[in-house]
There are 2 protein chains.
Amino acid sequence: MLRELNPSIRTLMTPGPVEAEPRILRAMSIPIIGQFDPEFLAIMDETMELLRKTFQTKNHWAYPIDGTSRSGLEAVLNAIIEPGDNVLVPIFGRFGHLLAEIAYRSGANVTTMECEWGTAFEQEEIIAEIKRVNPKVVALVHGETSTGIMQPFEKIGKFCRENDVLFVVDAVATLGGTEFKTDEWFVDAVISGTQKCLGVPTGMAPITYNDRVEKIILERRKIEQGLDRTSENPRRIQTNYFDLSQIQEYWSPKRLNHHTEATSMLYALREGLRIIQEEGLQERFERHQYHEKALVAGLEAMGLTLFGDARYKMPVVTCINIPEGVNGDEVRFTMAKEFGVEIASTFGSLAGKIWRIGSMGFSCRKENILHVLAALEASVRRHGGKVHAGEALQAALDVYAEKEAALSNK
Amino acid sequence: MLRELNPSIRTLMTPGPVEAEPRILRAMSIPIIGQFDPEFLAIMDETMELLRKTFQTKNHWAYPIDGTSRSGLEAVLNAIIEPGDNVLVPIFGRFGHLLAEIAYRSGANVTTMECEWGTAFEQEEIIAEIKRVNPKVVALVHGETSTGIMQPFEKIGKFCRENDVLFVVDAVATLGGTEFKTDEWFVDAVISGTQKCLGVPTGMAPITYNDRVEKIILERRKIEQGLDRTSENPRRIQTNYFDLSQIQEYWSPKRLNHHTEATSMLYALREGLRIIQEEGLQERFERHQYHEKALVAGLEAMGLTLFGDARYKMPVVTCINIPEGVNGDEVRFTMAKEFGVEIASTFGSLAGKIWRIGSMGFSCRKENILHVLAALEASVRRHGGKVHAGEALQAALDVYAEKEAALSNK
C-alpha cells in the first residue's frame with residue numbers, strides 16, 4: 001500500500017512554482033462548501049474585488065479561469081480572436097512564441113516580430129509594426145521568464161487605444177511582484193497565473209478585461225445546448241470550457257452554471273490576494289526590489305555575471321551566465337540534492353548557457369536569498385568553478401544592513 | 001481589511017462538490033515542491049498508477065487534466081474529433097447535451113438521439129442507431145446527475161470495438177462510487193471529475209485512454225512554436241491547453257514542459273485515490289450501495305416517492321418528486337439555513353419538480369444520511385408538506401442495524 005504524502009521541504013528559487021505562505025496552505029485545508037452556498041458566492045465576489053485591486057483596474061470583470069496560467073491565455077485569446085483576424089505578437093522569449101501559437105490555433109493571421117533573447121523592443125519599433133500590420137489585436141508578454149526580460153509598454157498601450165487596436169498583455173510572471181497598471185497603461189485584457197508573484201499554488205489563471213473586450217464576448221455568446229437547445233451563433237467562441245461569455249455569467253449575479261468552481265483553489269487565491277492587500281501593493285513591489293538588490297549584489301560579489309540587457313531586467317527573475325567550464329545542470333542538481341534549493345535552467349537557444357533564479361512572492365525573503373547564494377557558491381566550487389569564496393553572503397548582508405538602517409532612520 | 005476565510009461547516013448532500021476527507025484536505029496544505037523535483041515526478045507516476053487501478057484499466061495513459069470535469073470532456077473530444085467527423089451522442093439528461101455541445105464545437109457532425117428524462121436507453125436502440133449513423137465516435141454519459149439515471153453500456157462498448165467505432169464515456173459522476181470497468185466494458189476513453197465519488201476538491205479531470213485513441217493523438221501531434229518553430233501539422237489538435245499530444249509528453253519520462261502541474265490539487269488527488277485503494281474498490285461500491293439503501297428506505301418511510309426509472313437508478317444520486325403544494329426551493333433553503341445541509345435542485349424541464357440528493361465519496365456516511373433525512377422531513381413539514389413524521393430515521397436505522405448484524409455474523 002502506498003504511504004501518505006510526505007515530500008521534502010524545498011527552498012524554491014525558480015520562476016515558479018514558488019513557495020506558498022503557510023496561511024495560504026492552511027486556507028486550502030478549509031472544508032468544502034457548495035458552489036451556490038451564499039457564503040461561497042460571497043467568496044467569489046470578494047475574490048473579484050481583490051483581483052481588481054491587484055490588477056489596478058476599474059474593470060468589472062476580474063476572475064480566475066480554472067486551469068494553469070496558459071488556460072487564461074487561451075481563454076482570453078479565443079474569446080477575442082475570430083478566424084482570419086490579424087494579430088501581432090512581438091516575441092522576445094519562449095512565452096511570446098506561446099502567445100503566437102495560441103493565437104494561431106485560434107485561427108488568427110499571426111504576424112510576429114522578434115528581437116534577440118536577452119533584450120526587449122524599443123516601444124517605437126512595435127508601434128511602427130502596428131502601423132504596418134494594422135492588427136485587430138496586439139498580444140505581448142510583460143515579463144518573459146525564459147530570459148528574465150521585462151518589456152515596457154505604456155506607449156504601446158496608448159497607441160493601441162487611440163487606434164482601436166485591442167491590447168492583450170501576459171502578466172503571468174509579473175502581477176503582484178512588480179508594478180502593473182491595467183487601466184493607466186491602456187491594457188484591454190490581462191492574464192496572470194497564481195504560482196509566481198501571487199505566491200499561490202498553481203492551478204488558476206486570474207484574468208481581467210474591459211468593456212471593449214466584453215462587447216466582443218457578448219456578440220459571440222451562445223448558450224449551451226443543455227440549457228437552451230435553440231441557441232445558435234455562427235461567431236460563437238470555439239471552446240466550451242473557456243467560453244468567457246458563459247464563464248462571466250457564472251461570475252455574475254445570474255450564477256448561470258458553467259462549471260463547478262475549484263473550491264480549494266479559490267480559497268487559496270482569495271487568501272493570497274488578501275495577504276497582498278495586507279502587505280500593500282507598493283510595499284510588496286519594494287520588497288521584491290530590495291531582495292533582488294541583495295541577490296544581485298551577492299552574485300556579483302561572487303564574481304558571476306548577469307545575462308541580459310540590464311535596462312530591461314525583471315526584478316523578480318535574475319539570469320546568470322553559467323561560468324565557462326562549469327556544467328550548469330550538475331550545479332543545479334547539487335544545489336537541490338545537498339541544499340534542498342531549486343533554481344532553474346531555461347529553454348531553447350539559452351539552455352545550458354544561463355541559470356535563472358526567481359525571487360517571487362513568499363519565496364522572495366531574506367533567508368531564501370541567503371540560502372540560494374550559499375548553495376550556489378558551494379555548488380559551483382564543488383564542480384570546479386572559480387568564484388570569490390565567502391564574498392556573496394557578506395555583500396547580500398550589507399544590502400540588508402543598509403535597508404535596516406534606512407528603516408530605523410525613518 | 002477583509003478577514004481571513006472562515007466559512008461555515010456544511011453537510012454536502014448534492015451530486016458534487018461533496019465533502020473531502022480530512023486527510024485529503026490536509027494533503028493540500030503540504031508545502032509546494034518544484035514540478036521537475038524527482039519527488040514530484042514520483043508523485044505524478046504514483047497518481048497515474050492509482051488512476052489505472054481506479055479506472056480498472058491496463059491503459060498506459062491515465063492522468064488528470066488541470067481544470068474542472070468538463071475540461072476533461074473537452075480535452076478528450078477535441079483530441080479524437082477532427083472537423084467533419086461523425087459523432088453520435090445518446091442524450092438522457094443535461095450532460096448528454098453537454099457532450100453534444102462540445103463535440104459540435106470540435107467541428108463534428110453530431111447526431112443525437114434522446115429518450116425521456118428519468119429513464120435510460122435500451123442498449124439495442126443505441127446499437128441500431130450506431131449501425132444507421134456509422135459514426136467515428138460514440139460519446140455517452142454513464143451517470144446523468146441531472147436525472148439520477150445510469151446508462152448500462154457493456155453491449156454498446158463491445159459492438160463499438162467490433163465495428164471500429166471509438167467509444168467515449170463520461171464517468172464524471174460514477175467513477176469511484178459504482179462499478180466502472182474501462183477495459184472489460186471496451187471503453188476507449190473515459191473522463192472523470194474529482195469532486196464527486198472520488199471525494200477530492202473540484203479542479204481536476206482524470207482521464208484514461210487506450211492505444212486506439214493514442215494513435216489519433218500522435219497523428220495530430222504538433223510541437224509548440226516556443227519549443228520547435230518548424231513544427232507543422234494540418235491535422236493538429238485545435239487547442240493548446242488541452243492538446244493531449246503535448247500533455248501526454250509532459251506525463252511521460254520526457255517530461256516535456258507544457259504547463260506547471262497543479263501541485264496542491266495533485267497532492268489531493270493522489271491522497272484521495274490512495275484512500276480509495278485503502279478502502280478497496282468493491283468495498284467502496286458496497287458502502288455507496290448500503291447508504292443508498294438507508295436513504296431510500298428513509299425517504300419512502302417518510303412517504304416521498306422517487307423520480308425516475310428504478311431499473312436505471314444511479315446508486316450515488318437519488319431523485320425525489322417534490323410533493324404537490326410544496327415549494328422545493330423553500331425547503332432546500334430551510335435545510336441549508338437551519339440545518340447546514342445542502343441538497344440540489346436540477347436543470348431544464350425538471351427544475352422545480354425534483355430534488356436530488358447525492359451520496360458520494362466522504363459525504364456518503366451514516367451521520368450524513370441520518371442528518372439529511374431529519375433535515376428534509378422537518379423542512380418539508382415546516383413548509384406545509386405532509387409526511388409521516390418520525391418514520392424516516394427509524395427506517396434508515398433499521399437498514400444500518402441489519403447491516404451491522406450481517407457484519408457481526410461474518
# chains A, B, ... in the order shown; residues from 1 in each chain; ligands from 1

$ select_by_dssp --residues "stretch 114-301 of chain A" --states "helix (DSSP H, G or I)" --output "PyMOL selection string"
chain A and resi 123-133+154-162+211-219+244-250+263-279+281-301

$ interface_residues --of "chain A" --to "chain B" --cutoff "6 Å" --atoms "only C-alpha atoms" --output "PyMOL selection string"
chain A and resi 19+25-26+28-29+32+66-67+71+94+97-98+105+202-203+225-226+238+241+262

$ write_last_selection --atoms "N, CA and C atoms" --output "short mmCIF file (atom, residue, chain, number, x, y, z; two decimals), in the first residue's frame"
data_model
loop_
_atom_site.label_atom_id
_atom_site.label_comp_id
_atom_site.auth_asym_id
_atom_site.auth_seq_id
_atom_site.Cartn_x
_atom_site.Cartn_y
_atom_site.Cartn_z
N GLU A 19 7.18 29.05 -3.31
CA GLU A 19 6.62 28.63 -2.03
C GLU A 19 5.34 29.40 -1.74
N LEU A 25 -1.57 27.92 2.45
CA LEU A 25 -1.66 26.45 2.52
C LEU A 25 -2.76 26.04 3.49
N ARG A 26 -2.84 26.73 4.61
CA ARG A 26 -3.90 26.39 5.58
C ARG A 26 -5.28 26.66 5.00
N MET A 28 -6.24 26.19 2.11
CA MET A 28 -6.63 25.09 1.23
C MET A 28 -7.21 23.92 2.01
N SER A 29 -6.96 23.86 3.29
CA SER A 29 -7.48 22.72 4.06
C SER A 29 -8.82 23.04 4.73
N ILE A 32 -14.90 21.90 2.30
CA ILE A 32 -15.59 22.30 1.07
C ILE A 32 -16.99 22.82 1.41
N ASP A 66 -10.27 28.39 -14.29
CA ASP A 66 -9.85 27.18 -13.56
C ASP A 66 -8.93 26.33 -14.43
N GLY A 67 -7.66 26.66 -14.36
CA GLY A 67 -6.63 25.94 -15.11
C GLY A 67 -5.32 26.64 -14.82
N SER A 71 -4.08 28.43 -19.47
CA SER A 71 -5.53 28.34 -19.70
C SER A 71 -6.13 29.74 -19.80
N ARG A 94 10.51 32.57 -24.98
CA ARG A 94 9.64 31.41 -25.23
C ARG A 94 8.17 31.74 -25.14
N HIS A 97 6.44 33.17 -28.09
CA HIS A 97 6.09 32.11 -29.04
C HIS A 97 4.79 31.42 -28.65
N LEU A 98 4.60 31.25 -27.33
CA LEU A 98 3.36 30.61 -26.88
C LEU A 98 2.14 31.46 -27.24
N ARG A 105 -3.60 28.98 -33.30
CA ARG A 105 -4.60 27.91 -33.14
C ARG A 105 -6.01 28.47 -33.01
N THR A 202 -0.11 26.62 -8.03
CA THR A 202 -0.50 26.66 -9.44
C THR A 202 -1.86 25.99 -9.66
N GLY A 203 -2.59 26.47 -10.67
CA GLY A 203 -3.88 25.85 -10.98
C GLY A 203 -4.99 26.83 -11.29
N GLN A 225 -26.29 23.80 -25.25
CA GLN A 225 -27.49 23.03 -25.58
C GLN A 225 -28.22 22.48 -24.36
N GLY A 226 -27.46 22.13 -23.34
CA GLY A 226 -28.09 21.55 -22.16
C GLY A 226 -28.99 22.54 -21.45
N GLN A 238 -15.04 29.17 -29.97
CA GLN A 238 -14.86 27.77 -30.34
C GLN A 238 -14.98 26.83 -29.15
N TYR A 241 -15.16 25.02 -22.65
CA TYR A 241 -14.60 25.19 -21.31
C TYR A 241 -14.13 26.61 -21.08
N ALA A 262 -13.49 25.74 -8.66
CA ALA A 262 -12.49 24.96 -7.91
C ALA A 262 -12.37 25.51 -6.49
#

$ residues_around --residues "stretch 292-303 of chain A" --least-positions-apart "3" --cutoff "9 Å" --atoms "only C-alpha atoms" --output "NGL selection string"
:A and (287-289 or 306 or 315-318 or 320 or 359 or 364 or 366 or 369-370 or 372-373 or 377 or 386-400)

$ atom_distance --atom1 "atom CA of A:Phe339" --atom2 "atom CA of A:Val172"
28.3 Å

$ closest_residue --among "A:Asp85, A:Glu116, A:Glu214, A:Glu402" --to "A:Ile149" --atoms "only C-alpha atoms"
A:Glu116

$ closest_residue --among "A:Pro206, A:Gly328, A:Gly361, A:Pro135" --to "A:Thr346" --atoms "only C-alpha atoms"
A:Gly328

$ decode --residues "stretch 271-286 of chain B" --atoms "N, CA and C atoms" --output "tab-separated table (two decimals), in the first residue's frame"
chain	number	residue	atom	x	y	z
B	271	GLU	N	-3.85	11.61	-2.72
B	271	GLU	CA	-4.33	11.16	-1.41
B	271	GLU	C	-5.73	10.56	-1.53
B	272	GLY	N	-6.58	11.19	-2.32
B	272	GLY	CA	-7.94	10.66	-2.50
B	272	GLY	C	-7.93	9.28	-3.13
B	273	LEU	N	-7.09	9.09	-4.13
B	273	LEU	CA	-7.01	7.80	-4.81
B	273	LEU	C	-6.38	6.74	-3.90
B	274	ARG	N	-5.43	7.17	-3.10
B	274	ARG	CA	-4.78	6.26	-2.15
B	274	ARG	C	-5.81	5.76	-1.14
B	275	ILE	N	-6.66	6.67	-0.68
B	275	ILE	CA	-7.70	6.29	0.29
B	275	ILE	C	-8.68	5.31	-0.34
B	276	ILE	N	-8.96	5.50	-1.63
B	276	ILE	CA	-9.85	4.56	-2.34
B	276	ILE	C	-9.24	3.16	-2.36
B	277	GLN	N	-7.94	3.08	-2.64
B	277	GLN	CA	-7.28	1.77	-2.65
B	277	GLN	C	-7.28	1.16	-1.26
B	278	GLU	N	-7.09	2.01	-0.26
B	278	GLU	CA	-7.07	1.53	1.12
B	278	GLU	C	-8.43	0.94	1.49
B	279	GLU	N	-9.49	1.63	1.07
B	279	GLU	CA	-10.85	1.13	1.36
B	279	GLU	C	-11.15	-0.11	0.54
B	280	GLY	N	-10.64	-0.16	-0.68
B	280	GLY	CA	-10.95	-1.26	-1.61
B	280	GLY	C	-12.08	-0.83	-2.52
B	281	LEU	N	-11.90	-1.03	-3.83
B	281	LEU	CA	-12.92	-0.56	-4.79
B	281	LEU	C	-14.27	-1.21	-4.52
B	282	GLN	N	-14.29	-2.54	-4.38
B	282	GLN	CA	-15.57	-3.23	-4.18
B	282	GLN	C	-16.22	-2.83	-2.86
B	283	GLU	N	-15.40	-2.69	-1.82
B	283	GLU	CA	-15.91	-2.27	-0.51
B	283	GLU	C	-16.51	-0.86	-0.62
B	284	ARG	N	-15.86	-0.03	-1.41
B	284	ARG	CA	-16.35	1.34	-1.59
B	284	ARG	C	-17.69	1.36	-2.33
B	285	PHE	N	-17.79	0.53	-3.37
B	285	PHE	CA	-19.06	0.47	-4.11
B	285	PHE	C	-20.17	-0.04	-3.18
B	286	GLU	N	-19.85	-1.05	-2.37
B	286	GLU	CA	-20.85	-1.58	-1.43
B	286	GLU	C	-21.26	-0.54	-0.40
